[in-house]
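Report on one structure; see the data block that follows.
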Amino acid sequence: MSFGFLYQIFLYPIIYIFPAYAANGAPILFGGGYPLDLKKKLFGKRIFGDHKTIRGTISSIIAGIIIGLIEYPFFHYMLFIAILLTIGANVGDLFGSFIKRRINMKSGKSFPIMDQYGFLLFALIFALPFGNYPQLFGIIFIIILTGIMHPLTNICANRLKLKDVPW
């Protein structure tokens, strides 16, 4: 197995998606505070709920951009892509919360698939038009990695009392 193969299938996909991962995880560490939806309702239901906060969203954007700045000296195109991945990750997460509120799921309740992959799907879609995507097997690796890491990091955050629920 050559380094080129390992780079294309494993290393580059991690480098590529890391801004979205950082954006998705930052609110657990730095979030809290006032709800992003300002407690407003749409058709009698909260827009996002209490767990999507202004501070969490700002910390998410900052974290994703910081990763992009760290990657920039090595991959000049990644700063712009990091911004898009970060915005996409936030839109995906907010979309999931919005859908949960529409179908009467309580804030904080698990929404399988959307909770694990919503941020990832939207991040990849937002960055898609700007190229430098990992190869197909790299994308498959990202999907598998996310399916493993998302629940593990949430369980750890719950045990460390950073999250109320383990999902």
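Identifiers for the structure tokens are assigned positionally: chains receive A, B, ... in sequence, residues are indexed from 1 per chain, and ligands are indexed from 1 in the order shown.
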
Subject >> Exercise: range 2-10 of chain A partners within 10 Å, only C-alpha atoms, chain neighbours under 6 positions left out, as an NGL selection string >> reply: :A and (134-142 or 145)

Serialized selection, C-alpha atoms, as a PDB file, in the first residue's frame:
```pdb
ATOM      1  CA  PRO A 134     -11.776  13.852  -2.057  1.00  0.00           C
ATOM      2  CA  GLN A 135     -12.083  10.910  -4.424  1.00  0.00           C
ATOM      3  CA  LEU A 136     -15.092   8.589  -4.174  1.00  0.00           C
ATOM      4  CA  PHE A 137     -13.407   6.203  -1.732  1.00  0.00           C
ATOM      5  CA  GLY A 138     -12.371   9.218   0.338  1.00  0.00           C
ATOM      6  CA  ILE A 139     -16.003  10.359   0.533  1.00  0.00           C
ATOM      7  CA  ILE A 140     -17.031   6.842   1.529  1.00  0.00           C
ATOM      8  CA  PHE A 141     -14.346   6.933   4.228  1.00  0.00           C
ATOM      9  CA  ILE A 142     -15.707  10.286   5.502  1.00  0.00           C
ATOM     10  CA  LEU A 145     -15.765   7.899   9.875  1.00  0.00           C
TER      11      LEU A 145
END
```

**OP:** Determine which residues of range 3-67 of chain A DSSP labels as alpha helix (DSSP H) from the backbone of this structure, then write them out as an MDAnalysis selection string.
**Re:** chainID A and resid 3:6 12:30 54:67

Residue selection dump (C-alpha atoms) as a tab-separated table (two decimals), in the first residue's frame:
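Result file out-v6.tsv:
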```
chain	number	residue	atom	x	y	z
A	3	PHE	CA	1.54	6.61	0.74
A	4	GLY	CA	-0.37	8.10	-2.21
A	5	PHE	CA	-3.17	5.61	-1.69
A	6	LEU	CA	-3.28	6.27	2.07
A	12	TYR	CA	-6.81	14.06	2.51
A	13	PRO	CA	-10.49	13.34	3.25
A	14	ILE	CA	-9.85	14.07	6.95
A	15	ILE	CA	-8.01	17.29	6.09
A	16	TYR	CA	-10.82	18.26	3.73
A	17	ILE	CA	-13.75	17.64	6.10
A	18	PHE	CA	-12.08	18.77	9.34
A	19	PRO	CA	-13.48	22.35	9.19
A	20	ALA	CA	-17.01	20.88	9.16
A	21	TYR	CA	-16.14	18.53	12.03
A	22	ALA	CA	-14.73	21.43	14.07
A	23	ALA	CA	-17.79	23.55	13.28
A	24	ASN	CA	-20.09	20.72	14.37
A	25	GLY	CA	-18.23	20.10	17.64
A	26	ALA	CA	-17.45	23.65	18.77
A	27	PRO	CA	-20.92	24.45	20.16
A	28	ILE	CA	-20.58	21.57	22.62
A	29	LEU	CA	-17.53	23.28	24.12
A	30	PHE	CA	-18.38	26.95	23.62
A	54	ILE	CA	-26.17	32.43	19.18
A	55	ARG	CA	-22.91	31.66	21.00
A	56	GLY	CA	-22.90	28.09	19.68
A	57	THR	CA	-23.39	29.25	16.10
A	58	ILE	CA	-20.69	31.92	16.37
A	59	SER	CA	-18.25	29.45	17.97
A	60	SER	CA	-19.02	26.98	15.19
A	61	ILE	CA	-18.21	29.50	12.48
A	62	ILE	CA	-15.03	30.63	14.23
A	63	ALA	CA	-13.83	27.03	14.75
A	64	GLY	CA	-14.36	26.09	11.11
A	65	ILE	CA	-12.57	29.20	9.87
A	66	ILE	CA	-9.65	28.65	12.28
A	67	ILE	CA	-9.18	25.15	10.85
```

**OP:** Please identify all polymer residues within 8 Å of Ile87 in chain A, counting only C-alpha atoms, omitting same-chain residues fewer than 2 positions from it, and present them as a VMD selection string.
**Re:** chain A and resid 61 83 to 85 89 to 91 123 126

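Residue nearest Leu120 in chain A, chosen from A:Phe48, A:Phe75, A:Phe95, A:Tyr34 and counting only C-alpha atoms: A:Phe95.
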
**OP:** Run DSSP on the backbone and grab whatever in chain A lands in strand (DSSP E); send it over as a ChimeraX atom specification.
**Re:** /A:41-42,45-46

Original post:
Contacts of His150 in chain A at 12 Å or less, counting only C-alpha atoms, minus same-chain residues fewer than 4 places along, as a PyMOL selection string?
Top reply: chain A and resi 21-22+24-25+112-120+142-146+154-157+166-167

Using C-alpha atoms, can you write the selected residues to a file as a PDB file, in the first residue's frame?
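So the final result, stored in part-v6.pdb, reads:
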```pdb
ATOM      1  CA  TYR A  21     -16.144  18.529  12.027  1.00  0.00           C
ATOM      2  CA  ALA A  22     -14.733  21.433  14.066  1.00  0.00           C
ATOM      3  CA  ASN A  24     -20.091  20.721  14.365  1.00  0.00           C
ATOM      4  CA  GLY A  25     -18.235  20.099  17.640  1.00  0.00           C
ATOM      5  CA  PRO A 112     -31.374   9.204  13.711  1.00  0.00           C
ATOM      6  CA  ILE A 113     -29.534   9.806  10.458  1.00  0.00           C
ATOM      7  CA  MET A 114     -30.263  13.563  10.447  1.00  0.00           C
ATOM      8  CA  ASP A 115     -28.379  14.088  13.735  1.00  0.00           C
ATOM      9  CA  GLN A 116     -25.346  12.161  12.490  1.00  0.00           C
ATOM     10  CA  TYR A 117     -25.250  13.112   8.833  1.00  0.00           C
ATOM     11  CA  GLY A 118     -27.247  16.324   8.309  1.00  0.00           C
ATOM     12  CA  PHE A 119     -24.296  18.607   8.996  1.00  0.00           C
ATOM     13  CA  LEU A 120     -22.039  16.469   6.783  1.00  0.00           C
ATOM     14  CA  ILE A 142     -15.707  10.286   5.502  1.00  0.00           C
ATOM     15  CA  ILE A 143     -19.225   8.843   5.691  1.00  0.00           C
ATOM     16  CA  ILE A 144     -18.008   5.791   7.626  1.00  0.00           C
ATOM     17  CA  LEU A 145     -15.765   7.899   9.875  1.00  0.00           C
ATOM     18  CA  THR A 146     -18.642  10.256  10.659  1.00  0.00           C
ATOM     19  CA  ASN A 154     -21.349  12.622  21.728  1.00  0.00           C
ATOM     20  CA  ILE A 155     -21.160   9.810  24.281  1.00  0.00           C
ATOM     21  CA  CYS A 156     -17.853  11.247  25.556  1.00  0.00           C
ATOM     22  CA  ALA A 157     -19.321  14.765  25.712  1.00  0.00           C
ATOM     23  CA  PRO A 166     -25.470  11.038  24.511  1.00  0.00           C
ATOM     24  CA  TRP A 167     -26.538  11.712  20.886  1.00  0.00           C
TER      25      TRP A 167
END
```

Subject >> Pick from A:Ala127, A:Leu79, A:Met1, A:Ile47 nearest to Arg101 in chain A, counting only C-alpha atoms >> reply: A:Ile47

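Interatomic distance, CA of Gly108 in chain A to CA of Leu152 in chain A: 17.0 Å.
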
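Closest approach to Gly68 in chain A among A:Phe111, A:Thr86, A:Pro151, A:Leu94: A:Thr86, based on only C-alpha atoms.
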